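Structure below is input-v5.csv: CSV, C-alpha atoms and all ligand atoms.
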chain,number,residue,atom,x,y,z
A,1492,MET,CA,119.9,-140.5,19.8
A,1493,SER,CA,118.5,-137.3,21.2
A,1494,LEU,CA,115.1,-137.1,22.9
A,1495,LEU,CA,112.1,-134.9,22.1
A,1496,SER,CA,109.6,-134.2,24.9
A,1497,ILE,CA,106.2,-133.1,23.8
A,1498,VAL,CA,104.1,-131.3,26.5
A,1499,VAL,CA,100.3,-131.3,25.9
A,1500,PRO,CA,98.0,-129.6,28.4
A,1501,CYS,CA,94.5,-131.0,28.3
A,1502,TYR,CA,91.3,-129.6,29.8
A,1503,ASN,CA,88.1,-131.3,28.8
A,1504,GLU,CA,89.6,-132.7,25.6
A,1505,GLN,CA,87.9,-136.1,25.5
A,1506,GLU,CA,87.1,-135.8,21.8
A,1507,THR,CA,90.6,-134.6,20.8
A,1508,VAL,CA,93.3,-136.5,22.7
A,1509,LYS,CA,93.0,-139.7,20.6
A,1510,LEU,CA,92.9,-137.6,17.3
A,1511,TYR,CA,95.9,-135.7,18.6
A,1512,TYR,CA,97.9,-138.8,19.4
A,1513,ASP,CA,97.2,-140.4,16.0
A,1514,ALA,CA,98.2,-137.2,14.2
A,1515,VAL,CA,101.4,-136.6,16.2
A,1516,SER,CA,102.6,-140.2,16.1
A,1517,LYS,CA,102.2,-140.3,12.3
A,1518,VAL,CA,104.5,-137.4,12.1
A,1519,LEU,CA,106.9,-138.7,14.7
A,1520,SER,CA,107.3,-142.0,12.9
A,1521,THR,CA,108.9,-140.2,10.0
A,1522,MET,CA,111.4,-138.4,12.2
A,1523,ASP,CA,114.7,-139.7,13.3
A,1524,ILE,CA,114.4,-138.9,17.0
A,1525,ASP,CA,113.3,-140.6,20.3
A,1526,HIS,CA,110.3,-139.0,21.9
A,1527,GLU,CA,108.0,-138.9,25.0
A,1528,ILE,CA,104.6,-137.4,25.1
A,1529,ILE,CA,103.6,-135.8,28.4
A,1530,PHE,CA,99.9,-135.2,28.8
A,1531,ILE,CA,98.8,-132.9,31.6
A,1532,ASN,CA,95.2,-133.5,32.7
A,1533,ASP,CA,94.3,-130.1,34.0
A,1534,GLY,CA,91.4,-131.2,36.2
A,1535,SER,CA,89.1,-132.1,33.3
A,1536,LYS,CA,85.5,-132.7,34.2
A,1537,ASP,CA,84.8,-135.1,31.3
A,1538,ASN,CA,86.4,-138.4,30.3
A,1539,THR,CA,89.8,-136.9,29.3
A,1540,LEU,CA,91.6,-138.9,31.9
A,1541,ALA,CA,90.0,-142.2,30.8
A,1542,GLU,CA,91.0,-141.4,27.2
A,1543,LEU,CA,94.5,-140.6,28.3
A,1544,THR,CA,95.0,-143.7,30.5
A,1545,ALA,CA,93.7,-145.9,27.6
A,1546,LEU,CA,96.4,-144.4,25.4
A,1547,TYR,CA,98.9,-144.9,28.1
A,1548,GLU,CA,98.1,-148.6,28.4
A,1549,ASP,CA,98.4,-149.0,24.6
A,1550,HIS,CA,101.6,-147.2,24.3
A,1551,ARG,CA,103.6,-147.9,27.4
A,1552,GLY,CA,107.0,-146.2,27.7
A,1553,GLU,CA,106.0,-143.5,25.2
A,1554,ILE,CA,103.3,-141.6,27.1
A,1555,ARG,CA,103.4,-140.0,30.5
A,1556,ILE,CA,100.4,-138.4,32.2
A,1557,ILE,CA,100.4,-135.8,34.9
A,1558,ASP,CA,97.1,-135.6,36.5
A,1559,PHE,CA,96.2,-132.4,38.3
A,1560,SER,CA,94.0,-132.4,41.4
A,1561,ARG,CA,91.8,-129.6,39.9
A,1562,ASN,CA,91.9,-127.1,37.1
A,1563,PHE,CA,94.9,-125.0,37.6
A,1564,GLY,CA,95.0,-123.4,34.1
A,1565,LYS,CA,97.1,-123.8,31.1
A,1566,GLU,CA,100.1,-121.9,32.5
A,1567,ALA,CA,100.3,-124.3,35.5
A,1568,ALA,CA,99.9,-127.3,33.1
A,1569,PHE,CA,102.8,-126.0,31.0
A,1570,LEU,CA,105.0,-125.6,33.9
A,1571,ALA,CA,104.4,-129.1,35.2
A,1572,GLY,CA,105.1,-130.4,31.8
A,1573,LEU,CA,108.3,-128.5,31.3
A,1574,ARG,CA,109.5,-129.6,34.7
A,1575,ALA,CA,108.8,-133.2,33.9
A,1576,ALA,CA,110.3,-133.1,30.4
A,1577,LYS,CA,113.6,-135.0,30.1
A,1578,GLY,CA,114.2,-134.2,26.5
A,1579,ASP,CA,117.1,-132.4,24.8
A,1580,TYR,CA,114.4,-130.7,22.8
A,1581,VAL,CA,111.0,-129.8,24.2
A,1582,THR,CA,107.9,-128.6,22.5
A,1583,VAL,CA,104.5,-127.5,23.9
A,1584,MET,CA,101.4,-128.2,21.9
A,1585,ASP,CA,97.6,-127.8,22.2
A,1586,ALA,CA,95.6,-131.0,22.2
A,1587,ASP,CA,93.1,-129.7,19.7
A,1588,LEU,CA,95.4,-129.9,16.7
A,1589,GLN,CA,95.4,-126.1,16.3
A,1590,ASP,CA,99.2,-126.5,16.5
A,1591,PRO,CA,99.9,-128.7,13.4
A,1592,PRO,CA,102.2,-131.6,14.2
A,1593,GLU,CA,103.3,-131.6,10.6
A,1594,MET,CA,105.3,-128.5,11.4
A,1595,LEU,CA,107.6,-130.3,13.7
A,1596,PRO,CA,110.0,-131.7,11.1
A,1597,LYS,CA,110.2,-128.3,9.5
A,1598,MET,CA,111.0,-126.7,12.9
A,1599,PHE,CA,113.8,-129.1,13.4
A,1600,GLU,CA,115.1,-128.4,10.0
A,1601,VAL,CA,115.1,-124.7,10.5
A,1602,MET,CA,116.6,-125.0,13.9
A,1603,GLU,CA,119.5,-127.1,12.5
A,1604,LYS,CA,120.1,-124.9,9.5
A,1605,ASN,CA,120.0,-121.5,11.2
A,1606,ASN,CA,121.4,-122.7,14.5
A,1607,ASN,CA,118.4,-121.4,16.5
A,1608,ASP,CA,117.7,-122.2,20.1
A,1609,VAL,CA,114.0,-121.7,19.6
A,1610,VAL,CA,111.7,-122.2,16.6
A,1611,GLY,CA,108.3,-120.8,17.3
A,1612,SER,CA,105.1,-120.7,15.3
A,1613,ARG,CA,103.1,-117.8,14.3
A,1614,ARG,CA,99.6,-117.5,12.8
A,1615,VAL,CA,99.5,-115.0,10.0
A,1616,THR,CA,95.7,-115.1,9.7
A,1617,ARG,CA,93.0,-115.1,12.4
A,1618,ALA,CA,90.4,-116.7,10.1
A,1619,GLY,CA,87.6,-118.3,12.0
A,1620,GLU,CA,88.0,-116.2,15.0
A,1621,PRO,CA,85.4,-113.7,16.1
A,1622,LYS,CA,86.2,-110.2,14.8
A,1623,ILE,CA,86.0,-108.5,18.2
A,1624,ARG,CA,88.5,-111.0,19.6
A,1625,SER,CA,91.0,-110.3,16.8
A,1626,PHE,CA,90.5,-106.6,17.4
A,1627,PHE,CA,91.4,-106.9,21.0
A,1628,ALA,CA,94.2,-109.3,20.4
A,1629,ARG,CA,95.9,-107.0,17.9
A,1630,ASN,CA,95.6,-104.0,20.3
A,1631,PHE,CA,96.9,-106.1,23.2
A,1632,TYR,CA,100.1,-106.7,21.3
A,1633,LYS,CA,100.4,-103.0,20.4
A,1634,ILE,CA,100.0,-101.9,23.9
A,1635,ILE,CA,102.1,-104.5,25.6
A,1636,ASN,CA,105.0,-104.1,23.1
A,1637,ARG,CA,105.1,-100.3,23.7
A,1638,TYR,CA,106.1,-100.9,27.3
A,1639,ILE,CA,107.9,-104.2,27.5
A,1640,GLU,CA,111.6,-104.6,27.0
A,1641,VAL,CA,111.3,-107.6,24.7
A,1642,GLU,CA,108.9,-108.1,21.9
A,1643,ILE,CA,105.9,-110.4,22.0
A,1644,VAL,CA,105.2,-111.2,18.4
A,1645,ASP,CA,101.6,-110.8,17.2
A,1646,GLY,CA,100.1,-114.1,16.5
A,1647,ALA,CA,102.9,-116.1,18.1
A,1648,ARG,CA,101.5,-119.4,19.5
A,1649,ASP,CA,102.7,-121.2,22.5
A,1650,PHE,CA,103.7,-124.0,20.1
A,1651,ARG,CA,107.4,-123.8,19.9
A,1652,LEU,CA,110.4,-126.1,19.7
A,1653,MET,CA,113.1,-125.3,22.4
A,1654,LYS,CA,116.5,-126.6,23.2
A,1655,ARG,CA,117.2,-127.8,26.7
A,1656,PRO,CA,119.0,-124.6,27.9
A,1657,VAL,CA,116.0,-122.5,26.9
A,1658,VAL,CA,113.7,-124.8,29.0
A,1659,ASP,CA,116.1,-124.6,31.9
A,1660,ALA,CA,116.1,-120.8,31.6
A,1661,ILE,CA,112.3,-120.7,31.7
A,1662,LEU,CA,112.2,-123.0,34.7
A,1663,SER,CA,114.7,-120.8,36.5
A,1664,LEU,CA,112.1,-118.0,36.6
A,1665,LYS,CA,110.5,-118.6,40.0
A,1666,GLU,CA,107.6,-116.3,39.9
A,1667,TYR,CA,104.2,-117.6,40.7
A,1668,ASN,CA,102.1,-115.7,38.3
A,1669,ARG,CA,103.3,-117.0,35.0
A,1670,PHE,CA,102.5,-115.3,31.7
A,1671,SER,CA,104.2,-117.7,29.3
A,1672,LYS,CA,104.0,-115.6,26.2
A,1673,GLY,CA,106.1,-113.0,28.1
A,1674,LEU,CA,108.4,-115.5,29.8
A,1675,PHE,CA,109.2,-117.3,26.6
A,1676,VAL,CA,110.6,-114.1,25.0
A,1677,TRP,CA,111.9,-112.7,28.2
A,1678,VAL,CA,114.6,-115.4,28.4
A,1679,GLY,CA,116.0,-114.4,25.1
A,1680,PHE,CA,118.0,-116.8,22.9
A,1681,LYS,CA,118.1,-117.1,19.2
A,1682,CYS,CA,114.5,-117.5,18.0
A,1683,GLU,CA,112.8,-117.7,14.6
A,1684,TYR,CA,109.1,-118.0,13.8
A,1685,LEU,CA,107.5,-120.2,11.1
A,1686,GLU,CA,104.3,-118.8,9.7
A,1687,TYR,CA,101.1,-120.7,9.1
A,1688,GLU,CA,97.4,-120.1,8.5
A,1689,ASN,CA,95.0,-120.4,11.4
A,1690,ILE,CA,93.5,-123.8,11.8
A,1691,GLU,CA,90.2,-124.4,13.7
A,1692,ARG,CA,90.2,-127.0,16.5
A,1693,VAL,CA,89.3,-130.5,15.3
A,1694,ALA,CA,86.6,-131.2,18.0
A,1695,GLY,CA,85.4,-129.8,21.3
A,1696,GLU,CA,85.3,-126.1,22.0
A,1697,THR,CA,87.6,-123.4,23.1
A,1698,LYS,CA,88.1,-122.9,26.9
A,1699,TRP,CA,88.6,-119.2,26.6
A,1700,SER,CA,85.7,-116.8,27.1
A,1701,PHE,CA,86.1,-113.3,26.0
A,1702,TRP,CA,86.5,-112.1,29.6
A,1703,GLY,CA,88.9,-114.9,30.3
A,1704,LEU,CA,91.1,-113.7,27.5
A,1705,PHE,CA,90.7,-110.1,28.6
A,1706,ARG,CA,91.9,-111.0,32.1
A,1707,TYR,CA,94.8,-112.9,30.6
A,1708,ALA,CA,95.8,-109.9,28.6
A,1709,LEU,CA,95.6,-107.7,31.7
A,1710,ASP,CA,97.7,-110.1,33.7
A,1711,GLY,CA,100.3,-110.0,30.9
A,1712,ILE,CA,100.5,-106.3,31.1
A,1713,ILE,CA,100.6,-106.1,34.9
A,1714,GLU,CA,103.2,-109.0,35.0
A,1715,PHE,CA,105.5,-107.4,32.5
A,1716,THR,CA,105.1,-103.7,32.7
A,1717,ASN,CA,104.7,-101.1,35.4
A,1718,ALA,CA,103.0,-98.7,33.0
A,1719,PRO,CA,99.7,-98.7,35.0
A,1720,LEU,CA,101.6,-97.6,38.1
A,1721,HIS,CA,103.5,-94.9,36.3
A,1722,PHE,CA,100.1,-93.5,35.1
A,1723,ALA,CA,99.2,-92.0,38.5
A,1724,PHE,CA,102.6,-90.4,38.8
A,1725,TRP,CA,102.5,-88.7,35.4
A,1726,THR,CA,98.9,-87.5,35.4
A,1727,GLY,CA,99.2,-86.3,39.0
A,1728,GLY,CA,102.5,-84.5,38.2
A,1729,GLY,CA,101.0,-83.0,35.1
A,1730,LEU,CA,97.9,-81.8,36.8
A,1731,THR,CA,99.8,-80.3,39.8
A,1732,PHE,CA,102.2,-78.4,37.5
A,1733,THR,CA,99.4,-77.0,35.3
A,1734,MET,CA,97.3,-75.9,38.2
A,1735,PHE,CA,100.4,-74.3,39.8
A,1736,VAL,CA,100.9,-72.2,36.7
A,1737,VAL,CA,97.2,-71.2,36.6
A,1738,LEU,CA,97.3,-70.2,40.3
A,1739,LEU,CA,100.4,-68.1,39.6
A,1740,VAL,CA,98.7,-66.3,36.7
A,1741,LEU,CA,95.7,-65.6,38.9
A,1742,LEU,CA,97.9,-64.3,41.7
A,1743,ILE,CA,99.7,-62.0,39.4
A,1744,ARG,CA,96.4,-60.7,38.0
A,1745,ALA,CA,95.2,-60.1,41.5
A,1746,LEU,CA,98.4,-58.2,42.4
A,1747,LEU,CA,98.0,-56.0,39.3
A,1748,GLY,CA,94.6,-55.1,40.6
A,1749,LYS,CA,92.7,-56.9,37.8
A,1750,ALA,CA,89.4,-58.8,38.6
A,1751,VAL,CA,89.9,-62.4,39.6
A,1752,ALA,CA,86.9,-64.7,39.7
A,1753,MET,CA,86.7,-66.5,43.1
A,1754,THR,CA,85.3,-69.6,41.5
A,1755,ALA,CA,88.4,-69.8,39.3
A,1756,VAL,CA,90.7,-69.6,42.4
A,1757,ILE,CA,88.7,-72.3,44.3
A,1758,LEU,CA,88.6,-74.6,41.3
A,1759,SER,CA,92.3,-74.2,40.7
A,1760,CYS,CA,93.0,-75.0,44.3
A,1761,VAL,CA,90.9,-78.1,44.3
A,1762,LEU,CA,92.5,-79.4,41.1
A,1763,PHE,CA,95.9,-78.5,42.5
A,1764,MET,CA,95.3,-80.6,45.6
A,1765,GLY,CA,93.8,-83.4,43.5
A,1766,GLY,CA,96.9,-83.5,41.4
A,1767,LEU,CA,99.1,-83.4,44.4
A,1768,ILE,CA,97.3,-86.4,45.9
A,1769,LEU,CA,97.5,-88.3,42.7
A,1770,LEU,CA,101.2,-87.5,42.5
A,1771,CYS,CA,101.8,-88.9,46.0
A,1772,VAL,CA,99.9,-92.0,45.1
A,1773,GLY,CA,102.0,-92.3,42.0
A,1774,ILE,CA,105.2,-92.0,44.1
A,1775,LEU,CA,103.9,-94.8,46.3
A,1776,GLY,CA,103.2,-96.7,43.1
A,1777,GLU,CA,106.8,-96.3,41.9
A,1778,TYR,CA,108.1,-97.8,45.2
A,1779,LEU,CA,105.5,-100.5,44.9
A,1780,ALA,CA,106.6,-101.3,41.4
A,1781,LYS,CA,110.2,-101.8,42.6
A,1782,THR,CA,109.0,-104.0,45.5
A,1783,TYR,CA,106.9,-106.0,43.1
A,1784,GLY,CA,109.9,-106.6,40.9
A,1785,GLU,CA,111.9,-107.7,43.9
A,1786,VAL,CA,109.2,-110.0,45.2
A,1787,LYS,CA,109.0,-111.7,41.8
A,1788,GLY,CA,112.6,-112.6,42.3
A,1789,ARG,CA,113.3,-113.0,38.6
A,1790,PRO,CA,117.0,-113.5,37.9
A,1791,ASN,CA,118.8,-110.5,36.5
A,1792,TYR,CA,120.2,-112.4,33.6
A,1793,ILE,CA,120.3,-115.8,32.0
A,1794,ILE,CA,123.5,-117.4,30.7
A,1795,LYS,CA,123.1,-119.2,27.4
A,1796,ASP,CA,126.3,-121.3,27.6
A,1797,LEU,CA,129.7,-121.1,29.1
A,1798,TYR,CA,133.0,-121.6,27.3
A,1799,GLU,CA,135.3,-123.1,29.8
B,1,LIG,N1,93.9,-125.9,28.5
B,1,LIG,C1,94.3,-126.4,29.8
B,1,LIG,N2,93.7,-125.8,30.9
B,1,LIG,C2,92.8,-124.8,30.9
B,1,LIG,C3,92.4,-124.3,29.6
B,1,LIG,C4,92.9,-124.9,28.4
B,1,LIG,O1,95.1,-127.3,29.9
B,1,LIG,O2,92.4,-124.3,31.9
B,1,LIG,C5,94.4,-126.5,27.3
B,1,LIG,C6,93.4,-127.1,26.3
B,1,LIG,O3,93.0,-128.4,26.7
B,1,LIG,C7,94.1,-127.0,25.0
B,1,LIG,C8,95.0,-125.8,25.2
B,1,LIG,O4,95.1,-125.5,26.6
B,1,LIG,O5,95.0,-128.1,24.8
B,1,LIG,C9,94.5,-124.5,24.5
B,1,LIG,O6,93.1,-124.3,24.8
B,1,LIG,P1,92.0,-123.9,23.8
B,1,LIG,O7,92.1,-124.7,22.5
B,1,LIG,O8,90.7,-123.9,24.5
B,1,LIG,O9,92.4,-122.3,23.5
B,1,LIG,P2,92.4,-121.6,22.1
B,1,LIG,O10,93.1,-122.4,21.1
B,1,LIG,O11,91.0,-121.4,21.8
B,1,LIG,O12,93.1,-120.3,22.4
B,2,MG,MG,92.7,-124.3,20.7

Could you write out this file's structure as structure tokens?
Amino acid sequence: MSLLSIVVPCYNEQETVKLYYDAVSKVLSTMDIDHEIIFINDGSKDNTLAELTALYEDHRGEIRIIDFSRNFGKEAAFLAGLRAAKGDYVTVMDADLQDPPEMLPKMFEVMEKNNNDVVGSRRVTRAGEPKIRSFFARNFYKIINRYIEVEIVDGARDFRLMKRPVVDAILSLKEYNRFSKGLFVWVGFKCEYLEYENIERVAGETKWSFWGLFRYALDGIIEFTNAPLHFAFWTGGGLTFTMFVVLLVLLIRALLGKAVAMTAVILSCVLFMGGLILLCVGILGEYLAKTYGEVKGRPNYIIKDLYE
């Protein structure tokens, strides 16, 4: 029988882990598959660890716990969970039941039927979320998708069912700064999304502040695009060129004996120099972008399978 590994990052989730376990085991009991649940205690400051070890004692062999020395963030917890997972299938879920376990059987069904490597989940509504947060989230997807070579689907959750080769591919990306939303799609494979309505967390509260999310979005853009670096190059180049033309016009006017305002000449010179400096910074940026890419050491491709 094949094995399903469920990875659950937990940070200050004392109210939810038990509820989560009950909900997920109810669903798992209806499914024809072996499973292991890997909880990552991401440096919780409340009684999450005690709650987890109690579950562990009650359900030996079913539960594994990875306990972090401090809070490393959800991305790090993910990574530890994926590395530890032994399953042929792996899924990542939030502890707060915002990722409905009832979707698991459906995910398997779709995976089987359409021969997918990944079945993801996607919220079609953002009900219950602050308006301003939805606004920024929508625009984040618009901006990042303009520059990135793969598409990050708006509303896609981290909750997804993956086959072993996909997990291995994600683990083969060695970069330190991990933006999972990007990495998940970057590796490719055949993927399909199931849609569902937003669900609010059962208990406890969200760990994301507005600025926390903003930084996360910014990290995603910096990790996956060099657009901010190209910006200096193009504005600098544009400015230099325009000012060059203006200076040329002024010169011609002067040569034709027409009046030329000295302030116009000085201003054009200053802007021309400004543009030139920005352009040079931009050129440095282009090299930096390449170096950044190299330092990340991402593989150039990922092989799905080999026919030998
Ligand atoms: N989480 C974590 N480490 C952190 C922050 C969050 O492991 O530093 C976990 C958290 O316990 C939960 C999941 O990541 O299981 C999603 O967090 P949350 O529900 O706060 O995010 P939201 O659903 O509001 O985006
Ligand atoms: Mg949540």

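Interatomic distance, atom CA of Val1609 of chain A to atom CA of Cys1682 of chain A: 4.5 Å.
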
Considering all atoms listed in the file, give me a table of residues in chain A that are at most 7 Å from ligand LIG 1 (chain B), with the closest atom pair and distance in Å for each, as a Markdown table.
| residue | atom | partner | partner_atom | distance |
| --- | --- | --- | --- | --- |
| A:Val1499 | CA | B:LIG1 | O5 | 6.3 |
| A:Pro1500 | CA | B:LIG1 | O1 | 4.0 |
| A:Cys1501 | CA | B:LIG1 | O3 | 3.4 |
| A:Tyr1502 | CA | B:LIG1 | O3 | 3.7 |
| A:Asn1503 | CA | B:LIG1 | O3 | 6.1 |
| A:Glu1504 | CA | B:LIG1 | O3 | 5.6 |
| A:Ile1531 | CA | B:LIG1 | O1 | 6.9 |
| A:Asn1532 | CA | B:LIG1 | O1 | 6.8 |
| A:Asp1533 | CA | B:LIG1 | O1 | 5.0 |
| A:Asn1562 | CA | B:LIG1 | O2 | 5.9 |
| A:Phe1563 | CA | B:LIG1 | O2 | 6.3 |
| A:Gly1564 | CA | B:LIG1 | O2 | 3.5 |
| A:Lys1565 | CA | B:LIG1 | N2 | 3.9 |
| A:Ala1568 | CA | B:LIG1 | O1 | 5.8 |
| A:Asp1585 | CA | B:LIG1 | O5 | 3.7 |
| A:Ala1586 | CA | B:LIG1 | O5 | 3.9 |
| A:Asp1587 | CA | B:LIG1 | O5 | 5.7 |
| A:Gln1589 | CA | B:LIG1 | O10 | 6.5 |
| A:Arg1692 | CA | B:LIG1 | O7 | 6.7 |
| A:Glu1696 | CA | B:LIG1 | O8 | 6.3 |
| A:Thr1697 | CA | B:LIG1 | O8 | 3.4 |
| A:Lys1698 | CA | B:LIG1 | O8 | 3.7 |
| A:Trp1699 | CA | B:LIG1 | O8 | 5.6 |

*Dig up all the protein and nucleic acid residues within 12 Å of (106.8, -143.1, 30.1) in the file frame, using only C-alpha atoms, and format them as a PyMOL selection string.*
chain A and resi 1496-1497+1526-1530+1544+1546-1557+1575-1577

Residues just named, written with C-alpha atoms as a PDB file, in the frame of the given file:
ATOM      1  CA  SER A1496     109.600-134.200  24.900  1.00  0.00           C
ATOM      2  CA  ILE A1497     106.200-133.100  23.800  1.00  0.00           C
ATOM      3  CA  HIS A1526     110.300-139.000  21.900  1.00  0.00           C
ATOM      4  CA  GLU A1527     108.000-138.900  25.000  1.00  0.00           C
ATOM      5  CA  ILE A1528     104.600-137.400  25.100  1.00  0.00           C
ATOM      6  CA  ILE A1529     103.600-135.800  28.400  1.00  0.00           C
ATOM      7  CA  PHE A1530      99.900-135.200  28.800  1.00  0.00           C
ATOM      8  CA  THR A1544      95.000-143.700  30.500  1.00  0.00           C
ATOM      9  CA  LEU A1546      96.400-144.400  25.400  1.00  0.00           C
ATOM     10  CA  TYR A1547      98.900-144.900  28.100  1.00  0.00           C
ATOM     11  CA  GLU A1548      98.100-148.600  28.400  1.00  0.00           C
ATOM     12  CA  ASP A1549      98.400-149.000  24.600  1.00  0.00           C
ATOM     13  CA  HIS A1550     101.600-147.200  24.300  1.00  0.00           C
ATOM     14  CA  ARG A1551     103.600-147.900  27.400  1.00  0.00           C
ATOM     15  CA  GLY A1552     107.000-146.200  27.700  1.00  0.00           C
ATOM     16  CA  GLU A1553     106.000-143.500  25.200  1.00  0.00           C
ATOM     17  CA  ILE A1554     103.300-141.600  27.100  1.00  0.00           C
ATOM     18  CA  ARG A1555     103.400-140.000  30.500  1.00  0.00           C
ATOM     19  CA  ILE A1556     100.400-138.400  32.200  1.00  0.00           C
ATOM     20  CA  ILE A1557     100.400-135.800  34.900  1.00  0.00           C
ATOM     21  CA  ALA A1575     108.800-133.200  33.900  1.00  0.00           C
ATOM     22  CA  ALA A1576     110.300-133.100  30.400  1.00  0.00           C
ATOM     23  CA  LYS A1577     113.600-135.000  30.100  1.00  0.00           C
TER      24      LYS A1577
END

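For the choices A:Ile1639, A:Leu1540, A:Val1615, A:Ala1723, the atom-to-atom distance to Gly1711 of chain A is smallest for A:Ile1639 when using all atoms listed in the file.
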
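You can rank A:Thr1716, A:Ser1663, A:Gln1505, A:Thr1782 by their closest distance to Glu1640 of chain A using only C-alpha atoms, and at the top of that list sits A:Thr1716.
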
*Write out as a PyMOL selection string which residues come within 10 Å of Ile1774 of chain A when counting all atoms listed in the file, dropping same-chain ones fewer than 6 positions away.*
chain A and resi 1720-1721+1723-1725+1727-1728+1768+1780

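Atom CA of Cys1760 of chain A is found 16.4 Å from atom CA of Thr1726 of chain A.
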
Find the residues around Glu1506 of chain A up to 8 Å (all atoms listed in the file counted), leave out those fewer than 3 positions away in its own chain, and share them as a PDB file with C-alpha atoms, keeping the file's coordinate frame.
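Written out: part-v7.pdb:
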ATOM      1  CA  LYS A1509      93.000-139.700  20.600  1.00  0.00           C
ATOM      2  CA  LEU A1510      92.900-137.600  17.300  1.00  0.00           C
ATOM      3  CA  ALA A1694      86.600-131.200  18.000  1.00  0.00           C
ATOM      4  CA  GLY A1695      85.400-129.800  21.300  1.00  0.00           C
TER       5      GLY A1695
END

*For Leu1730 of chain A: contacts at 9 Å, all atoms listed in the file, fewer than 3 positions along chain excluded, given as a PyMOL selection string*: chain A and resi 1725-1727+1733-1735+1762-1763+1765-1767+1769-1770

Store the residues picked out above, limited to C-alpha atoms, as a PDB file, in the coordinates of the input.
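Printed below is again-v9.pdb as written:
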ATOM      1  CA  TRP A1725     102.500 -88.700  35.400  1.00  0.00           C
ATOM      2  CA  THR A1726      98.900 -87.500  35.400  1.00  0.00           C
ATOM      3  CA  GLY A1727      99.200 -86.300  39.000  1.00  0.00           C
ATOM      4  CA  THR A1733      99.400 -77.000  35.300  1.00  0.00           C
ATOM      5  CA  MET A1734      97.300 -75.900  38.200  1.00  0.00           C
ATOM      6  CA  PHE A1735     100.400 -74.300  39.800  1.00  0.00           C
ATOM      7  CA  LEU A1762      92.500 -79.400  41.100  1.00  0.00           C
ATOM      8  CA  PHE A1763      95.900 -78.500  42.500  1.00  0.00           C
ATOM      9  CA  GLY A1765      93.800 -83.400  43.500  1.00  0.00           C
ATOM     10  CA  GLY A1766      96.900 -83.500  41.400  1.00  0.00           C
ATOM     11  CA  LEU A1767      99.100 -83.400  44.400  1.00  0.00           C
ATOM     12  CA  LEU A1769      97.500 -88.300  42.700  1.00  0.00           C
ATOM     13  CA  LEU A1770     101.200 -87.500  42.500  1.00  0.00           C
TER      14      LEU A1770
END

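Using all atoms listed in the file, the nearest neighbour of Glu1603 of chain A within the list A:Val1508, A:Ile1635, A:Leu1652, A:Ala1545 is A:Leu1652.
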